[in-house]
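Have a look at the structure below before the remarks.
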Amino acid sequence: MNVHDSERMADLLVAQGHRATESPDDADIIVLNTCHIREKATEKLFSDIGRIEKRARTLNGGRVKPIIVAAGCVAQAEGGEIAARAPGVDVVVGPLAYHRLPALLDAARERGAGPAVIDTDMPAASKFGQLPERRATGASAFLTIQEGCDKFCTFCVVPYTRGPEVSRPAAALVAEAEALVASGAVEITLIGQNVNAWEDSRSGGGMDFAGLIRAVAAVPGLQRLRYTTSHPRDMNEALLRAHAEVAKLMPYLHLPVQSGSSRILKAMNRAHTRESYLATLAALRAVRADIAISGDFIVGFPGETDADFEDTLRIVHEVGYAQAYSFKYSPRPGTPAATMGEQVPEDVKDMRLARLQAAIGEEAQKFNTASIGRITTILLERQGRKPGQLIGKTPWLQSAVIEHASARIGDLVEIEIVDAFANSVAARVLAPVSVAA
Ligand code: SAH
Ligand code: SF4
């Protein structure tokens with residue numbers, strides 16, 4: 001979501017006549033977009049600002065003093081503190097207010113030695129109607145369908161930084177999907193904090209997330225549809241059926257479990273148990289046997305015992321994740337878990353994370369090995385490390401490496417998977433298919 005927000009801020013500035021530079025060294029405006037989900041990101045913001053401030057005079061060839069913008073969720077949560085700790089920052093803007101960036105930049109140019117311009121409002125009117133019209137910048141595009149979160153998992157800052165859950169109307173989303181496809185996208189990923197809780201408020205609750213998937217999949221020219229992130233609590237029958245019936249919906253589901261211990265899940269306020277999570281996946285696999293499952297895990301949540309952690313290791317093997325992200329619990333100011341007793345020592349977290357990542361790696365390798373021999377398509381995204389190599393994504397979101405002289409980024413290429421590693425597969429091109437074809 002942050003990558004996408006950064007793209008949208010860039011769109012907005014381009015519409016104002018600016019253009020992107022290759023490096024911050026050449027820029028007149030530097031926007032640092034930030035994440036507040038774990039503590040490290042906040043520290044990184046302050047060290048990046050420090051580095052930029054130190055070199056401010058020599059940036060962009062000394063032409064003008066660059067305007068420094070702190071954006072995103074750290075800006076939202078710590079606006080005043082950023083202004084106090086880093087006087088070189090000109091603008092502080094939260095994730096719900098960045099459509100106002102042009103006016104904020106104007107105010108910053110006029111501020112002289114005055115205080116930083118801060119906008120951490122959560123305006124009632126959505127920013128989406130006020131951003132420039134979408135154009136795809138490549139073959140794969142993000143489409144924000146919903147923002148914010150009402151779930152209040154006890155470890156998480158998102159409900160505080162991105163505000164309450166708001167779904168965008170279906171008609172606007174289908175129109176945006178059409179604009180993306182018309183400008184070159186062949187794959188769309190629907191994004192939001194809890195996309196499967198999406199509902200079309202303007203149709204009187206008539207359409208749910210599965211309905212939206214069908215509506216976007218019906219856009220002519222679209223080849224692949226994905227979504228992320230979804231919550232185990234909101235996986236319903238209709239969404240499972242969409243996975244079985246909608247051919248463009250890719251066989252991949254990112255469904256974070258966080259812990260394999262129902263006791264810890266309860267303390268996390270996740271509203272699902274180990275058993276209900278496994279039952280959801282069993283029902284999904286019954287209708288879509290090849291689906292790749294991905295997840296998020298937190299180790300060292302307050303009160304997590306060795307036995308709880310063993311439950312987490314077991315669920316990794318039971319599910320057989322194709323890939324997963326794992327994090328050490330990071331106490332976030334203002335969240336309930338931050339002040340719970342029984343905080344887990346850092347060295348225990350380190351040890352658990354290493355064991356968890358080894359287990360996830362083992363399962364990912366197994367998943368990739370089992371796919372050897374599959375004949376499928378990949379959507380080429382970028383150059384590989386070696387000359388002549390290109391990397392694309394399989395339907396199961398595996399990174400597949402090919403060597404081919406005439407294939408280009410953005411092509412959908414027919415391939416056979418011939419070798420497997422923990423984080424990628426190697427493939428052989430059967431027939432290049434140009435997107436334009
Ligand atoms: N809305 C998504 C998650 C968004 S945050 C969902 O509910 O799945 C992305 C991931 O960051 C979470 O799934 C969680 O694993 C991790 N995370 C969130 N808060 C964290 C914290 N305080 N410490 C460590 N990891 C955290
Ligand atoms: Fe955070 Fe939980 Fe909401 Fe995900 S569902 S954004 S983890 S509060």
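Scheme for the structure tokens: letters A, B, ... for chains in order shown; per-chain residue numbers from 1; ligand numbers from 1 in order shown.
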* Give as number ranges by chain the residues surrounding ligand 2 up to a distance of 7 Å, considering only C-alpha atoms and all ligand atoms. => A: 149-153, 156-159, 193-194, 231, 270
Contacts of chain A with ligand 1 up to 6 Å, shortest pair per row, only C-alpha atoms and all ligand atoms, as JSON lines:
```
{"residue": "A:Ile37", "atom": "CA", "partner": "ligand 1", "partner_atom_place_in_ligand_line": "19 (N)", "distance": 5.1}
{"residue": "A:Arg38", "atom": "CA", "partner": "ligand 1", "partner_atom_place_in_ligand_line": "23 (N)", "distance": 5.4}
{"residue": "A:Phe155", "atom": "CA", "partner": "ligand 1", "partner_atom_place_in_ligand_line": "22 (N)", "distance": 4.5}
{"residue": "A:Cys156", "atom": "CA", "partner": "ligand 1", "partner_atom_place_in_ligand_line": "19 (N)", "distance": 4.2}
{"residue": "A:Gln193", "atom": "CA", "partner": "ligand 1", "partner_atom_place_in_ligand_line": "1 (N)", "distance": 3.9}
{"residue": "A:Asn194", "atom": "CA", "partner": "ligand 1", "partner_atom_place_in_ligand_line": "1 (N)", "distance": 5.4}
{"residue": "A:Thr229", "atom": "CA", "partner": "ligand 1", "partner_atom_place_in_ligand_line": "2 (C)", "distance": 5.5}
{"residue": "A:His231", "atom": "CA", "partner": "ligand 1", "partner_atom_place_in_ligand_line": "7 (O)", "distance": 5.5}
{"residue": "A:Pro256", "atom": "CA", "partner": "ligand 1", "partner_atom_place_in_ligand_line": "8 (O)", "distance": 4.8}
{"residue": "A:Gln258", "atom": "CA", "partner": "ligand 1", "partner_atom_place_in_ligand_line": "15 (O)", "distance": 5.5}
{"residue": "A:Asp296", "atom": "CA", "partner": "ligand 1", "partner_atom_place_in_ligand_line": "15 (O)", "distance": 4.5}
{"residue": "A:Phe297", "atom": "CA", "partner": "ligand 1", "partner_atom_place_in_ligand_line": "15 (O)", "distance": 4.8}
{"residue": "A:Ile298", "atom": "CA", "partner": "ligand 1", "partner_atom_place_in_ligand_line": "15 (O)", "distance": 5.2}
{"residue": "A:Phe327", "atom": "CA", "partner": "ligand 1", "partner_atom_place_in_ligand_line": "25 (N)", "distance": 5.0}
{"residue": "A:Lys328", "atom": "CA", "partner": "ligand 1", "partner_atom_place_in_ligand_line": "24 (C)", "distance": 5.3}
{"residue": "A:Tyr329", "atom": "CA", "partner": "ligand 1", "partner_atom_place_in_ligand_line": "23 (N)", "distance": 3.8}
{"residue": "A:Ser330", "atom": "CA", "partner": "ligand 1", "partner_atom_place_in_ligand_line": "23 (N)", "distance": 3.8}
{"residue": "A:Pro331", "atom": "CA", "partner": "ligand 1", "partner_atom_place_in_ligand_line": "22 (N)", "distance": 5.2}
{"residue": "A:Arg332", "atom": "CA", "partner": "ligand 1", "partner_atom_place_in_ligand_line": "22 (N)", "distance": 5.5}
```
Based on the selection just made, write N, CA and C atoms of those residues as a compact mmCIF listing (two decimals), in the first residue's frame.
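Dumped to part18.txt:
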```
# COMPACT_ATOMS: atom_id res chain seq x y z
N ILE A 37 4.46 0.52 11.15
CA ILE A 37 3.99 -0.77 11.64
C ILE A 37 4.95 -1.38 12.66
N ARG A 38 6.25 -1.15 12.46
CA ARG A 38 7.24 -1.59 13.45
C ARG A 38 8.17 -0.43 13.76
N PHE A 155 -1.85 -5.65 18.69
CA PHE A 155 -0.45 -5.27 18.42
C PHE A 155 -0.34 -4.15 17.40
N CYS A 156 -1.42 -3.76 16.75
CA CYS A 156 -1.33 -3.06 15.46
C CYS A 156 -1.70 -1.57 15.52
N GLN A 193 -6.30 -2.81 3.60
CA GLN A 193 -5.89 -3.52 4.83
C GLN A 193 -6.69 -4.78 5.05
N ASN A 194 -7.94 -4.79 4.60
CA ASN A 194 -8.84 -5.92 4.82
C ASN A 194 -9.76 -6.01 3.62
N THR A 229 -4.60 -7.20 1.39
CA THR A 229 -4.54 -8.35 2.27
C THR A 229 -5.94 -8.71 2.73
N HIS A 231 -8.47 -10.86 5.69
CA HIS A 231 -8.49 -11.28 7.09
C HIS A 231 -9.22 -12.63 7.19
N PRO A 256 -2.99 -13.77 6.45
CA PRO A 256 -2.13 -13.76 7.64
C PRO A 256 -2.79 -14.48 8.82
N GLN A 258 -0.76 -14.89 11.84
CA GLN A 258 -0.01 -14.24 12.95
C GLN A 258 0.56 -15.22 13.96
N ASP A 296 1.35 -13.95 7.20
CA ASP A 296 2.21 -13.13 8.06
C ASP A 296 2.25 -13.78 9.44
N PHE A 297 3.40 -13.67 10.10
CA PHE A 297 3.56 -14.21 11.45
C PHE A 297 4.24 -13.20 12.35
N ILE A 298 3.84 -13.19 13.60
CA ILE A 298 4.54 -12.39 14.61
C ILE A 298 5.08 -13.36 15.66
N PHE A 327 7.82 -11.58 11.46
CA PHE A 327 8.34 -10.40 12.15
C PHE A 327 8.47 -10.67 13.65
N LYS A 328 9.45 -9.99 14.28
CA LYS A 328 9.50 -10.00 15.74
C LYS A 328 8.48 -8.99 16.24
N TYR A 329 7.76 -9.35 17.29
CA TYR A 329 6.79 -8.41 17.85
C TYR A 329 7.50 -7.10 18.22
N SER A 330 6.92 -5.99 17.79
CA SER A 330 7.48 -4.67 18.05
C SER A 330 6.41 -3.84 18.77
N PRO A 331 6.64 -3.50 20.05
CA PRO A 331 5.59 -2.77 20.78
C PRO A 331 5.34 -1.40 20.16
N ARG A 332 4.10 -1.10 19.84
CA ARG A 332 3.77 0.19 19.23
C ARG A 332 3.03 1.06 20.23
```
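Minimum distance to Leu313 in chain A across A:Ala358, A:Ala279, A:Leu13, A:Val413 (counting only C-alpha atoms) occurs at A:Ala358.
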* Asked: What gap, in Å, lies between CA of Ile391 in chain A and CA of Glu362 in chain A?
  ->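 These two atoms are separated by 22.3 Å.
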* To do: Using backbone DSSP assignments, extract all helix (DSSP H, G or I) residues from range 19-148 of chain A; output them as a ChimeraX atom specification.
  => /A:24-26,39-62,73-85,98-109,127-130
* To do: Enumerate, as a PyMOL selection string, the complete set of residues in range 377-408 of chain A that a backbone-based DSSP assignment places in strand (DSSP E or B).
  => chain A and resi 377-383+389-393+399-403
If you keep N, CA, C and O atoms, can you produce a file of those selected residues as a compact mmCIF listing (two decimals), in the first residue's frame?
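Written output follows (out-v7.txt):
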```
# COMPACT_ATOMS: atom_id res chain seq x y z
N THR A 377 1.83 -19.61 -17.43
CA THR A 377 2.32 -18.34 -17.99
C THR A 377 3.01 -17.53 -16.91
O THR A 377 2.72 -17.69 -15.72
N ILE A 378 3.92 -16.66 -17.33
CA ILE A 378 4.48 -15.68 -16.39
C ILE A 378 4.31 -14.29 -16.99
O ILE A 378 4.34 -14.13 -18.21
N LEU A 379 4.13 -13.31 -16.11
CA LEU A 379 4.05 -11.92 -16.53
C LEU A 379 5.42 -11.29 -16.21
O LEU A 379 5.80 -11.20 -15.03
N LEU A 380 6.15 -10.89 -17.24
CA LEU A 380 7.52 -10.42 -17.03
C LEU A 380 7.55 -9.03 -16.38
O LEU A 380 6.87 -8.11 -16.84
N GLU A 381 8.32 -8.92 -15.30
CA GLU A 381 8.32 -7.68 -14.49
C GLU A 381 9.62 -6.90 -14.52
O GLU A 381 9.63 -5.69 -14.36
N ARG A 382 10.75 -7.63 -14.57
CA ARG A 382 12.03 -6.90 -14.46
C ARG A 382 13.17 -7.73 -15.00
O ARG A 382 13.02 -8.92 -15.26
N GLN A 383 14.33 -7.05 -15.15
CA GLN A 383 15.55 -7.74 -15.58
C GLN A 383 16.04 -8.62 -14.44
O GLN A 383 15.87 -8.29 -13.28
N GLN A 389 18.74 -12.28 -18.62
CA GLN A 389 17.72 -12.87 -17.74
C GLN A 389 16.56 -11.92 -17.53
O GLN A 389 16.74 -10.72 -17.39
N LEU A 390 15.35 -12.49 -17.49
CA LEU A 390 14.16 -11.71 -17.14
C LEU A 390 13.41 -12.44 -16.04
O LEU A 390 13.46 -13.68 -15.96
N ILE A 391 12.72 -11.68 -15.19
CA ILE A 391 11.99 -12.30 -14.09
C ILE A 391 10.52 -11.94 -14.19
O ILE A 391 10.15 -10.77 -14.40
N GLY A 392 9.67 -12.94 -14.07
CA GLY A 392 8.23 -12.72 -14.10
C GLY A 392 7.55 -13.50 -12.99
O GLY A 392 8.20 -14.26 -12.27
N LYS A 393 6.25 -13.28 -12.86
CA LYS A 393 5.49 -13.97 -11.81
C LYS A 393 4.60 -15.04 -12.42
O LYS A 393 3.90 -14.81 -13.39
N SER A 399 8.47 -16.08 -8.23
CA SER A 399 9.34 -15.37 -9.17
C SER A 399 9.97 -16.41 -10.07
O SER A 399 10.63 -17.32 -9.58
N ALA A 400 9.76 -16.27 -11.38
CA ALA A 400 10.31 -17.25 -12.32
C ALA A 400 11.36 -16.57 -13.19
O ALA A 400 11.11 -15.50 -13.75
N VAL A 401 12.53 -17.18 -13.29
CA VAL A 401 13.63 -16.60 -14.05
C VAL A 401 13.73 -17.31 -15.40
O VAL A 401 13.74 -18.54 -15.45
N ILE A 402 13.77 -16.50 -16.48
CA ILE A 402 13.95 -17.08 -17.82
C ILE A 402 15.15 -16.42 -18.50
O ILE A 402 15.58 -15.33 -18.11
N GLU A 403 15.67 -17.10 -19.50
CA GLU A 403 16.66 -16.46 -20.38
C GLU A 403 16.07 -16.48 -21.76
O GLU A 403 15.74 -17.55 -22.28
```
* Between CA of Tyr160 in chain A and CA of Ser6 in chain A, distance in Å (one decimal) ->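 CA of Ser6 in chain A lies at a distance of 20.1 Å from CA of Tyr160 in chain A.
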How close does range 10-41 of chain A get to range 106-122 of chain A? List, as a tab-separated table, each residue of range 10-41 of chain A within 12 Å, its nearest atom pair and the distance in Å to one decimal, counting only C-alpha atoms.
```
residue	atom	partner	partner_atom	distance
A:Gln16	CA	A:Asp106	CA	11.5
A:Asp28	CA	A:Arg109	CA	11.5
A:Ile29	CA	A:Arg109	CA	10.9
```
